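Listing of protein-v9.cif, mmCIF, C-alpha atoms
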data_coords
loop_
_atom_site.label_atom_id
_atom_site.label_comp_id
_atom_site.auth_asym_id
_atom_site.auth_seq_id
_atom_site.Cartn_x
_atom_site.Cartn_y
_atom_site.Cartn_z
CA MET A 69 -22.96 21.90 23.71
CA SER A 70 -20.47 24.74 23.69
CA ASP A 71 -17.87 22.49 22.05
CA LEU A 72 -20.39 21.41 19.42
CA LYS A 73 -21.18 25.03 18.57
CA GLN A 74 -17.49 25.84 18.17
CA GLU A 75 -17.07 22.72 16.03
CA LEU A 76 -20.01 23.72 13.85
CA LYS A 77 -18.65 27.23 13.34
CA ALA A 78 -15.28 25.83 12.30
CA LYS A 79 -16.91 23.36 9.91
CA ILE A 80 -19.14 26.04 8.34
CA ILE A 81 -16.10 28.25 7.73
CA GLU A 82 -14.02 25.43 6.28
CA GLN A 83 -16.73 23.68 4.27
CA LEU A 84 -18.11 26.86 2.75
CA ASN A 85 -14.72 28.57 2.23
CA LEU A 86 -15.66 31.64 4.25
CA GLU A 87 -12.11 32.93 4.03
CA ASP A 88 -12.79 36.30 5.64
CA VAL A 89 -14.81 34.98 8.58
CA THR A 90 -13.41 33.80 11.93
CA ILE A 91 -15.10 31.62 14.57
CA SER A 92 -15.33 34.54 16.98
CA GLU A 93 -17.22 36.59 14.42
CA ILE A 94 -20.13 34.14 14.28
CA ASP A 95 -22.57 34.63 17.13
CA ASP A 96 -24.52 31.57 18.27
CA ASN A 97 -27.76 33.27 17.34
CA ASP A 98 -26.66 34.97 14.10
CA SER A 99 -28.85 34.18 11.14
CA LEU A 100 -26.86 31.94 8.77
CA PHE A 101 -28.78 32.94 5.66
CA GLY A 102 -29.92 36.32 4.33
CA ASP A 103 -28.73 39.31 6.32
CA GLY A 104 -26.60 37.27 8.75
CA LEU A 105 -23.77 35.21 7.34
CA GLY A 106 -25.22 35.56 3.85
CA LEU A 107 -25.30 31.88 2.95
CA ASP A 108 -27.35 30.74 -0.05
CA SER A 109 -29.14 27.65 -1.37
CA ILE A 110 -25.92 25.92 -2.52
CA ASP A 111 -24.53 26.37 1.00
CA ALA A 112 -27.73 24.79 2.36
CA LEU A 113 -27.00 21.69 0.25
CA GLU A 114 -23.44 21.61 1.58
CA LEU A 115 -24.77 21.76 5.16
CA ILE A 116 -27.28 18.95 4.48
CA VAL A 117 -24.39 16.73 3.30
CA MET A 118 -22.34 17.73 6.37
CA LEU A 119 -25.18 16.70 8.75
CA ASP A 120 -25.37 13.30 7.04
CA LYS A 121 -21.62 12.69 6.85
CA ASP A 122 -20.50 13.96 10.25
CA TYR A 123 -23.55 13.41 12.49
CA GLY A 124 -25.54 10.66 10.74
CA ILE A 125 -28.58 12.87 10.29
CA ARG A 126 -30.32 12.40 6.97
CA LEU A 127 -32.90 15.07 6.12
CA SER A 128 -35.65 13.50 4.07
CA ASP A 129 -37.36 16.83 3.46
CA PRO A 130 -34.98 19.62 2.35
CA LYS A 131 -37.56 22.14 3.60
CA GLU A 132 -36.60 21.08 7.12
CA GLY A 133 -33.23 22.73 6.48
CA LYS A 134 -34.83 26.16 6.54
CA LYS A 135 -35.62 25.77 10.25
CA ILE A 136 -32.57 23.70 11.23
CA PHE A 137 -30.04 26.07 9.66
CA GLU A 138 -31.54 29.18 11.21
CA SER A 139 -28.50 29.71 13.44
CA VAL A 140 -25.59 27.80 14.96
CA GLN A 141 -27.60 27.51 18.20
CA VAL A 142 -30.60 25.93 16.43
CA MET A 143 -28.32 23.62 14.45
CA ALA A 144 -26.50 22.47 17.59
CA ASP A 145 -29.81 21.80 19.40
CA TYR A 146 -31.06 19.75 16.46
CA ILE A 147 -27.82 17.74 16.17
CA GLU A 148 -27.79 17.01 19.93
CA ALA A 149 -31.32 15.67 19.71
CA ASN A 150 -30.96 13.65 16.50
CA ARG A 151 -27.33 12.59 15.97
CA THR A 152 -26.56 8.94 15.33
CA LYS A 153 -22.79 9.36 15.34
CA MET B 295 -17.58 35.85 -58.64
CA PHE B 296 -16.18 39.35 -58.80
CA ASN B 297 -19.41 40.75 -57.41
CA ILE B 298 -19.43 38.32 -54.48
CA ASN B 299 -15.82 39.13 -53.58
CA PHE B 300 -16.51 42.81 -53.91
CA TYR B 301 -19.56 42.46 -51.66
CA GLU B 302 -17.63 40.46 -49.07
CA ALA B 303 -14.78 42.96 -49.06
CA ALA B 304 -17.23 45.79 -48.65
CA VAL B 305 -19.07 44.40 -45.63
CA ARG B 306 -16.46 42.28 -43.85
CA SER B 307 -15.03 44.19 -40.90
CA LYS B 308 -11.46 44.03 -39.67
CA VAL B 309 -10.83 42.58 -36.22
CA TYR B 310 -8.71 44.34 -33.61
CA ILE B 311 -7.25 43.49 -30.22
CA ASN B 312 -8.22 46.46 -28.08
CA GLY B 313 -7.33 45.16 -24.66
CA ALA B 314 -5.18 42.40 -23.21
CA ALA B 315 -4.25 40.93 -19.86
CA CYS B 316 -2.25 37.91 -18.85
CA ILE B 317 -1.78 35.99 -15.61
CA SER B 318 1.10 33.57 -15.92
CA ALA B 319 4.23 32.30 -14.20
CA GLN B 320 5.75 35.70 -14.92
CA LYS B 321 4.92 38.58 -12.59
CA ALA B 322 2.45 41.17 -13.86
CA SER B 323 4.04 43.96 -15.84
CA GLY B 324 2.95 47.48 -16.67
CA ASN B 325 1.27 48.43 -19.91
CA SER B 326 4.49 49.78 -21.36
CA SER B 327 6.91 47.03 -20.36
CA PHE B 328 7.27 43.25 -20.45
CA PHE B 329 8.92 41.15 -17.79
CA GLU B 330 10.58 43.29 -15.15
CA GLU B 331 11.88 40.27 -13.24
CA ILE B 332 12.15 36.93 -15.04
CA GLN B 333 10.77 33.98 -13.10
CA SER B 334 12.32 30.59 -13.76
CA THR B 335 11.81 27.11 -12.35
CA ALA B 336 13.93 24.03 -11.80
CA ASP B 337 10.99 21.78 -10.85
CA ASN B 338 9.61 21.17 -14.36
CA VAL B 339 6.47 23.06 -13.38
CA PHE B 340 5.60 26.73 -13.69
CA TRP B 341 2.86 27.80 -11.26
CA ALA B 342 1.07 31.05 -12.07
CA VAL B 343 1.84 34.16 -10.05
CA GLU B 344 -1.64 35.18 -8.92
CA PRO B 345 -2.67 38.78 -8.38
CA ASP B 346 -4.40 40.13 -5.27
CA TYR B 347 -7.92 38.92 -6.03
CA THR B 348 -9.56 40.96 -3.27
CA LYS B 349 -9.42 44.02 -5.50
CA LEU B 350 -10.83 42.16 -8.51
CA ILE B 351 -13.40 39.63 -7.29
CA PRO B 352 -16.05 40.08 -4.55
CA ALA B 353 -15.25 37.80 -1.60
CA ALA B 354 -18.72 36.21 -1.71
CA SER B 355 -18.11 35.04 -5.30
CA ALA B 356 -14.42 34.19 -4.88
CA ARG B 357 -15.01 31.67 -2.09
CA ARG B 358 -16.39 29.08 -4.53
CA MET B 359 -13.87 29.72 -7.30
CA ALA B 360 -10.82 27.54 -7.91
CA LYS B 361 -7.60 28.97 -9.31
CA GLY B 362 -8.53 28.81 -13.03
CA VAL B 363 -11.82 30.62 -12.53
CA LYS B 364 -10.20 33.25 -10.31
CA MET B 365 -7.37 33.83 -12.80
CA SER B 366 -9.90 34.15 -15.64
CA VAL B 367 -12.31 36.47 -13.86
CA ALA B 368 -9.37 38.65 -12.80
CA ALA B 369 -7.70 38.62 -16.25
CA SER B 370 -10.99 39.41 -17.98
CA LYS B 371 -11.53 42.43 -15.72
CA MET B 372 -7.97 43.58 -16.35
CA ALA B 373 -8.45 43.23 -20.12
CA ILE B 374 -11.71 45.17 -20.00
CA ASP B 375 -10.06 47.94 -17.96
CA ASN B 376 -7.15 47.89 -20.40
CA ALA B 377 -9.51 48.36 -23.36
CA GLU B 378 -11.44 51.03 -21.45
CA THR B 379 -14.74 49.49 -22.41
CA SER B 380 -17.70 48.11 -20.53
CA ILE B 381 -19.71 46.72 -23.42
CA LEU B 382 -19.40 43.05 -24.28
CA ASP B 383 -21.57 41.27 -26.82
CA ALA B 384 -20.12 37.82 -26.22
CA ILE B 385 -17.74 35.79 -24.07
CA ILE B 386 -15.75 33.01 -25.73
CA ILE B 387 -13.25 30.89 -23.83
CA GLY B 388 -10.77 28.20 -24.82
CA THR B 389 -9.54 25.67 -22.28
CA GLY B 390 -7.82 22.33 -22.64
CA LEU B 391 -8.62 20.72 -19.30
CA GLY B 392 -11.24 23.09 -17.88
CA CYS B 393 -11.69 23.41 -14.15
CA LYS B 394 -9.38 20.56 -13.19
CA ILE B 395 -9.03 21.44 -9.49
CA ASP B 396 -12.75 21.00 -8.80
CA SER B 397 -12.94 17.98 -11.13
CA ASP B 398 -10.20 16.30 -9.08
CA LYS B 399 -11.99 17.29 -5.88
CA PHE B 400 -15.38 15.80 -6.67
CA VAL B 401 -14.00 12.66 -8.32
CA SER B 402 -11.77 12.11 -5.27
CA ALA B 403 -14.80 12.63 -3.01
CA ILE B 404 -16.74 9.98 -4.97
CA ILE B 405 -13.92 7.49 -4.41
CA ASP B 406 -13.12 8.44 -0.80
CA SER B 407 -16.75 8.42 0.34
CA SER B 408 -17.88 5.38 -1.67
CA GLU B 409 -20.22 7.53 -3.74
CA GLU B 410 -21.93 8.99 -0.67
CA PHE B 411 -21.90 12.45 0.90
CA LEU B 412 -21.20 14.32 -2.32
CA THR B 413 -21.26 18.07 -1.97
CA PRO B 414 -22.54 20.20 -4.86
CA THR B 415 -19.97 22.99 -5.11
CA PRO B 416 -16.99 21.15 -6.70
CA PHE B 417 -19.36 19.46 -9.17
CA ILE B 418 -21.02 22.73 -10.17
CA GLN B 419 -17.64 24.43 -10.52
CA SER B 420 -15.94 21.58 -12.37
CA THR B 421 -17.49 21.95 -15.81
CA HIS B 422 -15.40 23.37 -18.63
CA ASN B 423 -17.84 26.24 -19.16
CA THR B 424 -17.70 27.37 -15.51
CA VAL B 425 -15.16 30.05 -16.47
CA ALA B 426 -17.28 31.66 -19.20
CA GLY B 427 -20.36 31.32 -16.99
CA GLN B 428 -18.78 32.97 -13.96
CA ILE B 429 -17.43 35.85 -16.04
CA ALA B 430 -20.87 36.37 -17.60
CA LEU B 431 -22.55 36.29 -14.18
CA GLY B 432 -20.10 38.81 -12.77
CA MET B 433 -20.50 41.15 -15.73
CA LYS B 434 -24.19 40.52 -16.20
CA CYS B 435 -23.45 39.69 -19.83
CA THR B 436 -26.39 37.76 -21.26
CA GLY B 437 -24.97 37.55 -24.79
CA TYR B 438 -23.43 34.63 -26.67
CA ASN B 439 -21.38 32.46 -24.31
CA ASN B 440 -19.30 29.58 -25.53
CA THR B 441 -16.36 27.44 -24.48
CA TYR B 442 -14.05 25.53 -26.83
CA VAL B 443 -12.20 22.44 -25.64
CA HIS B 444 -9.93 21.31 -28.45
CA GLY B 445 -6.55 20.45 -26.96
CA SER B 446 -3.85 22.88 -27.99
CA VAL B 447 -6.13 24.78 -30.40
CA SER B 448 -8.75 25.53 -27.73
CA PHE B 449 -7.76 29.19 -27.60
CA GLU B 450 -7.44 29.50 -31.39
CA SER B 451 -10.91 27.97 -31.77
CA ALA B 452 -12.34 30.62 -29.45
CA LEU B 453 -10.42 33.28 -31.34
CA LEU B 454 -11.72 32.03 -34.70
CA ASP B 455 -15.32 32.09 -33.46
CA ALA B 456 -14.86 35.68 -32.27
CA LYS B 457 -13.19 36.71 -35.51
CA LEU B 458 -16.01 35.32 -37.66
CA GLN B 459 -18.67 37.06 -35.57
CA LEU B 460 -16.84 40.38 -35.61
CA GLU B 461 -16.06 40.22 -39.33
CA ASN B 462 -19.70 39.59 -40.11
CA ASN B 463 -20.86 42.31 -37.73
CA GLU B 464 -22.79 39.85 -35.61
CA ALA B 465 -21.04 41.35 -32.60
CA ALA B 466 -18.97 44.49 -32.02
CA SER B 467 -16.99 43.59 -28.91
CA ILE B 468 -16.07 40.11 -27.69
CA LEU B 469 -14.08 38.90 -24.69
CA VAL B 470 -11.84 36.01 -25.75
CA GLY B 471 -9.68 34.07 -23.34
CA GLY B 472 -7.53 31.02 -22.89
CA VAL B 473 -7.14 29.38 -19.49
CA ASP B 474 -5.80 26.23 -17.90
CA GLU B 475 -4.98 25.39 -14.30
CA LEU B 476 -2.56 22.80 -12.98
CA THR B 477 -3.17 20.23 -10.27
CA GLU B 478 -0.86 17.78 -8.55
CA HIS B 479 -2.82 14.95 -10.17
CA THR B 480 -2.27 16.39 -13.66
CA LEU B 481 1.45 16.60 -12.96
CA LYS B 482 1.61 13.08 -11.58
CA ILE B 483 -0.07 11.40 -14.56
CA HIS B 484 1.81 13.47 -17.14
CA GLU B 485 5.10 12.62 -15.45
CA LYS B 486 4.13 8.97 -15.58
CA ILE B 487 3.43 9.03 -19.33
CA LYS B 488 6.57 11.12 -19.87
CA HIS B 489 4.84 14.18 -21.26
CA ILE B 490 6.76 15.99 -18.52
CA LYS B 491 10.51 15.55 -18.63
CA PHE B 492 11.92 12.88 -16.35
CA GLU B 493 15.04 14.84 -15.46
CA ARG B 494 14.78 18.20 -13.72
CA ILE B 495 15.94 21.06 -15.91
CA ASP B 496 16.16 24.79 -15.47
CA SER B 497 13.39 26.46 -17.45
CA SER B 498 15.87 28.93 -18.94
CA GLN B 499 17.54 25.95 -20.65
CA LEU B 500 14.27 24.34 -21.79
CA LEU B 501 14.64 25.02 -25.49
CA ARG B 502 18.15 23.54 -25.55
CA SER B 503 16.96 20.28 -24.00
CA LYS B 504 17.65 17.10 -25.96
CA SER B 505 15.22 14.85 -24.10
CA GLU B 506 11.55 14.01 -24.61
CA GLY B 507 8.75 15.73 -22.73
CA THR B 508 8.48 19.31 -21.54
CA ILE B 509 7.78 21.37 -18.42
CA PHE B 510 4.18 22.18 -17.54
CA GLY B 511 2.56 25.48 -16.70
CA GLU B 512 -0.75 27.27 -16.25
CA GLY B 513 -2.23 30.69 -16.83
CA ALA B 514 -5.02 32.87 -18.18
CA SER B 515 -4.73 35.31 -21.07
CA PHE B 516 -7.73 37.43 -21.99
CA PHE B 517 -8.40 39.85 -24.84
CA ILE B 518 -11.01 42.36 -25.88
CA THR B 519 -11.55 41.88 -29.59
CA SER B 520 -13.61 44.30 -31.61
CA ASN B 521 -14.42 45.38 -35.16
CA GLN B 522 -13.77 48.96 -34.07
CA LYS B 523 -10.18 49.99 -33.47
CA ASN B 524 -9.76 51.97 -30.24
CA ILE B 525 -6.95 54.20 -28.99
CA ASN B 526 -5.39 51.30 -27.03
CA CYS B 527 -5.35 48.96 -30.02
CA TYR B 528 -2.64 46.28 -29.80
CA ALA B 529 -2.94 44.62 -33.19
CA GLU B 530 -5.17 43.60 -36.05
CA LEU B 531 -6.09 39.93 -35.98
CA ALA B 532 -5.69 39.19 -39.69
CA ALA B 533 -6.01 35.42 -39.95
CA ILE B 534 -6.24 32.12 -38.08
CA GLU B 535 -5.90 28.61 -39.38
CA ILE B 536 -6.30 25.40 -37.40
CA ILE B 537 -5.07 22.03 -38.66
CA ASN B 538 -5.64 18.91 -36.58
CA THR B 539 -3.27 16.52 -38.33
CA LEU B 540 -0.18 17.63 -40.17
CA SER B 541 3.06 15.87 -41.01
CA VAL B 542 6.44 17.57 -40.64
CA GLU B 543 6.92 17.18 -44.41
CA ASN B 544 3.69 19.01 -45.21
CA LEU B 545 4.18 21.82 -42.70
CA PRO B 546 6.08 24.23 -45.00
CA ASN B 547 3.51 23.83 -47.79
CA ASN B 548 0.69 24.54 -45.37
CA LEU B 549 2.41 27.63 -44.05
CA GLU B 550 3.07 28.84 -47.56
CA ALA B 551 -0.60 28.34 -48.47
CA PHE B 552 -1.64 30.21 -45.31
CA LEU B 553 0.59 33.16 -46.17
CA LYS B 554 -0.54 33.14 -49.81
CA ALA B 555 -4.20 33.17 -48.75
CA ASN B 556 -3.36 36.33 -46.84
CA ASP B 557 -1.44 37.97 -49.71
CA LEU B 558 1.85 37.71 -47.87
CA HIS B 559 5.26 36.42 -48.86
CA VAL B 560 7.39 34.87 -46.13
CA ASP B 561 9.87 37.77 -46.44
CA GLU B 562 7.13 40.12 -45.27
CA ILE B 563 6.93 38.38 -41.88
CA ASP B 564 8.81 40.61 -39.44
CA LEU B 565 8.68 38.20 -36.52
CA ALA B 566 7.73 34.56 -35.99
CA VAL B 567 6.50 33.50 -32.55
CA LEU B 568 7.13 29.77 -32.20
CA GLY B 569 5.76 27.38 -29.58
CA ASN B 570 8.88 25.25 -29.00
CA ASN B 571 8.57 23.45 -25.67
CA GLY B 572 11.90 21.60 -25.52
CA ASP B 573 10.43 18.20 -26.41
CA ALA B 574 13.06 16.62 -28.66
CA LYS B 575 10.43 14.38 -30.23
CA PHE B 576 8.03 17.10 -31.37
CA ASP B 577 10.07 20.31 -31.59
CA VAL B 578 11.15 18.98 -34.98
CA TYR B 579 8.09 20.80 -36.39
CA PHE B 580 9.45 24.13 -35.18
CA HIS B 581 13.02 23.28 -36.20
CA THR B 582 11.79 22.46 -39.71
CA LEU B 583 10.43 25.98 -40.09
CA ALA B 584 13.29 27.68 -38.23
CA ASP B 585 15.91 25.93 -40.37
CA GLY B 586 13.88 26.24 -43.56
CA MET B 587 11.19 28.73 -44.54
CA LEU B 588 11.70 30.98 -41.51
CA ASN B 589 15.49 30.76 -41.54
CA LYS B 590 15.94 34.42 -42.35
CA ILE B 591 13.00 35.62 -40.29
CA ASN B 592 13.39 37.01 -36.77
CA ARG B 593 12.07 34.44 -34.30
CA ILE B 594 11.09 34.39 -30.64
CA TYR B 595 9.91 31.71 -28.19
CA TYR B 596 7.84 31.81 -25.02
CA LYS B 597 7.24 28.41 -23.40
CA HIS B 598 10.42 28.71 -21.30
CA LEU B 599 8.55 31.61 -19.64
CA CYS B 600 5.12 30.07 -19.07
CA GLY B 601 5.53 26.30 -19.43
CA GLU B 602 3.43 24.07 -21.67
CA PHE B 603 -0.34 23.81 -21.32
CA PHE B 604 -3.16 23.50 -23.79
CA THR B 605 -3.75 27.25 -23.88
CA ALA B 606 -0.10 28.31 -23.61
CA SER B 607 -0.48 29.73 -27.12
CA ALA B 608 -2.71 32.43 -25.60
CA PHE B 609 0.39 33.57 -23.68
CA GLY B 610 2.25 33.67 -27.02
CA PHE B 611 -0.64 35.63 -28.51
CA TRP B 612 -0.51 38.12 -25.63
CA LEU B 613 3.25 38.46 -26.08
CA ALA B 614 2.92 39.02 -29.85
CA SER B 615 0.11 41.56 -29.40
CA LYS B 616 2.17 43.53 -26.92
CA ILE B 617 5.27 43.41 -29.14
CA LEU B 618 3.25 44.91 -32.00
CA LYS B 619 1.91 47.66 -29.78
CA LEU B 620 5.16 48.57 -28.04
CA GLN B 621 7.50 47.68 -30.94
CA ILE B 622 9.82 46.11 -28.37
CA ILE B 623 10.98 42.50 -28.35
CA PRO B 624 11.84 41.27 -24.84
CA GLU B 625 15.41 39.97 -24.65
CA VAL B 626 14.41 36.82 -22.78
CA ALA B 627 12.20 35.68 -25.68
CA LYS B 628 14.98 35.95 -28.27
CA MET B 629 16.97 32.86 -29.05
CA GLY B 630 19.40 34.53 -31.43
CA GLU B 631 20.26 37.85 -32.96
CA ILE B 632 17.28 39.89 -34.11
CA ALA B 633 17.71 42.63 -36.65
CA PRO B 634 16.05 45.83 -35.44
CA SER B 635 13.29 46.96 -37.76
CA GLU B 636 9.66 48.06 -37.64
CA ILE B 637 7.40 45.12 -36.77
CA LYS B 638 4.32 45.07 -38.98
CA ASN B 639 3.45 41.41 -39.41
CA ILE B 640 3.79 38.67 -36.80
CA LEU B 641 3.22 35.00 -37.52
CA LEU B 642 2.44 32.64 -34.66
CA TYR B 643 2.82 28.89 -35.08
CA ASN B 644 2.05 26.32 -32.41
CA GLN B 645 1.35 22.61 -32.04
CA TYR B 646 1.40 20.14 -29.15
CA ARG B 647 2.80 16.63 -29.53
CA GLY B 648 2.47 16.81 -33.30
CA GLU B 649 -1.26 17.55 -33.28
CA ASN B 650 -3.56 20.57 -33.34
CA HIS B 651 -1.43 22.99 -35.32
CA SER B 652 -2.31 26.67 -35.57
CA PHE B 653 -1.16 29.60 -37.66
CA VAL B 654 -2.18 33.07 -36.52
CA LEU B 655 -1.34 36.31 -38.30
CA LEU B 656 -1.24 39.60 -36.42
CA LYS B 657 -0.68 42.97 -38.06
CA LYS B 658 0.28 46.33 -36.65
CA CYS B 659 -2.83 48.49 -36.26
#

Would you put the structure from the file into structure tokens?
Amino acid sequence: MSDLKQELKAKIIEQLNLEDVTISEIDDNDSLFGDGLGLDSIDALELIVMLDKDYGIRLSDPKEGKKIFESVQVMADYIEANRTK
Amino acid sequence: MFNINFYEAAVRSKVYINGAACISAQKASGNSSFFEEIQSTADNVFWAVEPDYTKLIPAASARRMAKGVKMSVAASKMAIDNAETSILDAIIIGTGLGCKIDSDKFVSAIIDSSEEFLTPTPFIQSTHNTVAGQIALGMKCTGYNNTYVHGSVSFESALLDAKLQLENNEAASILVGGVDELTEHTLKIHEKIKHIKFERIDSSQLLRSKSEGTIFGEGASFFITSNQKNINCYAELAAIEIINTLSVENLPNNLEAFLKANDLHVDEIDLAVLGNNGDAKFDVYFHTLADGMLNKINRIYYKHLCGEFFTASAFGFWLASKILKLQIIPEVAKMGEIAPSEIKNILLYNQYRGENHSFVLLKKC
């Protein structure tokens, strides 16, 4: 689980071009959107594609993303429970 | 007829360049100098020297911007600072290939992922009008916003639009820019079709080259144009003419007609800024003028400093504007002896591969 969280942090930084952010600066429970990492709706779409491509999880309802992308911890829990690759 | 002309003369405003900024293969220079250290290349490609964007673009916005957008947003801010203004009625951009980096990225992703897993950012950022849109968003400018994509007259088309609006008092201050960015893919295909020279040459020798093709470059040149002259005024933009198809034989007649329409004789041109790019096949247009009509006119060149790209003429326009303001001609742009005299009228002529010709007339303000 710890490895997955590190992997997710690295992918979020790379995929979303968060040039000024390092893995150590993202806490497992930091909010990814709003006051936390400050991600927006376009980033949410990028993360939905990442779930599909890298973990075989296809979100049929984009509203699900709101809960799943709450934090790295919540994302990792969801991926562990639903991944197909 | 007399009444109409009189009316037009009475209400038509003059157009001025009140601010300018350029990001190119040459390092940024101060407001009162040109190129402190000349950059050259032996790779047939001139990559732009980018400024420190952290001081010009918020990190949250910059993370989604490719090079062309970053160069444009930065150059537009520099031009606005240079003009000491904050009011913009319109944003008009010219670009030949638009946001090529993101276009390459999303098209490659379509191929690599068999049309699956496509992310939105490169697609959103890949459109030609991304540049004008991002500048408008950053400046909260909700006015007229347009992008011209017309090969090597993309910048001149944007300039013409701005000039018409300012002359007719439909706007008072317009940001006009020309931008193009290079990618490895662009270089690869243009090498293949021999638009880039096969043999490697030193850029300082570009204009003496006897082979076909040229060297490529990239950059962003932005200007604040206005119908009110300010204290920083660079030049008056007196006239622009765009001609899509023109034979070498008809070029002198067209130039003569352009000058006549602007009540000028060729002897009154103090400096000609020519867009020679070292392509033996197409530089014949420039040679025809240099050896003929402009034989006795002081001439300078610029594509050995910035490379060829669809909006390279915006670099030439920046150079000419600055020459008029400072009354200094940089040594590196001269290709022969230039008689020292006051520079009042500058003619710019450019074309690319025999198409999309442009004449621009700048006057001292």

Can you list what the PyMOL selection byres ((chain A and resi 118-130) around 9) grabs from this structure, as a count of residues only? 20

Would you kindly translate the PyMOL selection byres ((chain B and resi 556-570) around 7) into the concrete residues it picks from this file, as a VMD selection string? chain B and resid 501 552 to 555 571 to 572 577 580 591 to 597 610 637 to 645

Selected by the PyMOL selection byres ((chain A and resi 141) around 12) in the shown coordinates: which residues, as a PyMOL selection string? chain A and resi 69-77+94-100+135-140+142-148

Which is closest to chain A among B:Ala373, B:Phe417, B:Ala336, B:Trp341, if we use all atoms listed in the file?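 Distance minimum relative to chain A lands on B:Phe417.
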
Using only C-alpha atoms, I'd like a table of the residues in chain B that come within 10 Å of chain A; for each, show the closest atom pair and its distance in Å rounded to one decimal, ordered by chain and ascending number, as a tab-separated table.
residue	atom	partner	partner_atom	distance
B:Ala353	CA	A:Asp88	CA	7.8
B:Ala354	CA	A:Leu86	CA	8.1
B:Ala356	CA	A:Asn85	CA	9.1
B:Arg357	CA	A:Asn85	CA	5.3
B:Arg358	CA	A:Asn85	CA	7.0
B:Met359	CA	A:Asn85	CA	9.6
B:Ser407	CA	A:Lys121	CA	9.2
B:Glu410	CA	A:Lys121	CA	8.4
B:Phe411	CA	A:Val117	CA	5.5
B:Leu412	CA	A:Val117	CA	6.9
B:Thr413	CA	A:Glu114	CA	5.5
B:Pro414	CA	A:Glu114	CA	6.7
B:Thr415	CA	A:Ile110	CA	7.1
B:Ile418	CA	A:Ile110	CA	9.6

CA of Leu618 (chain B) and CA of Ser326 (chain B), how far apart in Å?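 Spanning CA of Ser326 (chain B) to CA of Leu618 (chain B) is a straight-line distance of 11.8 Å.
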
Please compute the CA of Glu530 (chain B)-CA of Tyr310 (chain B) distance, one decimal, in Å.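 Calculated distance between CA of Glu530 (chain B) and CA of Tyr310 (chain B) is 4.4 Å.
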
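With distances restricted to all atoms listed in the file, B:Gly513 is the closest residue to Val367 (chain B) from B:Leu656, B:Asp496, B:Gly513, B:Lys394.
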
Test item: axis-aligned box, all listed atoms of region 448-452 of chain B, 6 Å on each side, centre and edges in Å rounded to one decimal, as AutoDock Vina command-line options:
--center_x -9.9 --center_y 28.1 --center_z -29.7 --size_x 16.9 --size_y 17.1 --size_z 16.2

Just the residues within 12 Å of Phe609 (chain B), please, counting all atoms listed in the file, with nothing from its chain fewer than 6 positions along; format it as a PDB file with C-alpha atoms, in the frame of the given file.
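And here's part-v7.pdb as it stands now:
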ATOM      1  CA  ALA B 314      -5.180  42.400 -23.210  1.00  0.00           C
ATOM      2  CA  ALA B 315      -4.250  40.930 -19.860  1.00  0.00           C
ATOM      3  CA  CYS B 316      -2.250  37.910 -18.850  1.00  0.00           C
ATOM      4  CA  ILE B 317      -1.780  35.990 -15.610  1.00  0.00           C
ATOM      5  CA  SER B 318       1.100  33.570 -15.920  1.00  0.00           C
ATOM      6  CA  ALA B 319       4.230  32.300 -14.200  1.00  0.00           C
ATOM      7  CA  GLN B 320       5.750  35.700 -14.920  1.00  0.00           C
ATOM      8  CA  ALA B 342       1.070  31.050 -12.070  1.00  0.00           C
ATOM      9  CA  PHE B 449      -7.760  29.190 -27.600  1.00  0.00           C
ATOM     10  CA  GLU B 450      -7.440  29.500 -31.390  1.00  0.00           C
ATOM     11  CA  GLY B 471      -9.680  34.070 -23.340  1.00  0.00           C
ATOM     12  CA  GLY B 472      -7.530  31.020 -22.890  1.00  0.00           C
ATOM     13  CA  VAL B 473      -7.140  29.380 -19.490  1.00  0.00           C
ATOM     14  CA  ASP B 474      -5.800  26.230 -17.900  1.00  0.00           C
ATOM     15  CA  GLY B 511       2.560  25.480 -16.700  1.00  0.00           C
ATOM     16  CA  GLU B 512      -0.750  27.270 -16.250  1.00  0.00           C
ATOM     17  CA  GLY B 513      -2.230  30.690 -16.830  1.00  0.00           C
ATOM     18  CA  ALA B 514      -5.020  32.870 -18.180  1.00  0.00           C
ATOM     19  CA  SER B 515      -4.730  35.310 -21.070  1.00  0.00           C
ATOM     20  CA  PHE B 516      -7.730  37.430 -21.990  1.00  0.00           C
ATOM     21  CA  PHE B 517      -8.400  39.850 -24.840  1.00  0.00           C
ATOM     22  CA  VAL B 567       6.500  33.500 -32.550  1.00  0.00           C
ATOM     23  CA  LEU B 568       7.130  29.770 -32.200  1.00  0.00           C
ATOM     24  CA  GLY B 569       5.760  27.380 -29.580  1.00  0.00           C
ATOM     25  CA  TYR B 595       9.910  31.710 -28.190  1.00  0.00           C
ATOM     26  CA  TYR B 596       7.840  31.810 -25.020  1.00  0.00           C
ATOM     27  CA  LYS B 597       7.240  28.410 -23.400  1.00  0.00           C
ATOM     28  CA  HIS B 598      10.420  28.710 -21.300  1.00  0.00           C
ATOM     29  CA  LEU B 599       8.550  31.610 -19.640  1.00  0.00           C
ATOM     30  CA  CYS B 600       5.120  30.070 -19.070  1.00  0.00           C
ATOM     31  CA  GLY B 601       5.530  26.300 -19.430  1.00  0.00           C
ATOM     32  CA  GLU B 602       3.430  24.070 -21.670  1.00  0.00           C
ATOM     33  CA  PHE B 603      -0.340  23.810 -21.320  1.00  0.00           C
ATOM     34  CA  SER B 615       0.110  41.560 -29.400  1.00  0.00           C
ATOM     35  CA  LYS B 616       2.170  43.530 -26.920  1.00  0.00           C
ATOM     36  CA  LEU B 642       2.440  32.640 -34.660  1.00  0.00           C
ATOM     37  CA  ASN B 644       2.050  26.320 -32.410  1.00  0.00           C
TER      38      ASN B 644
END
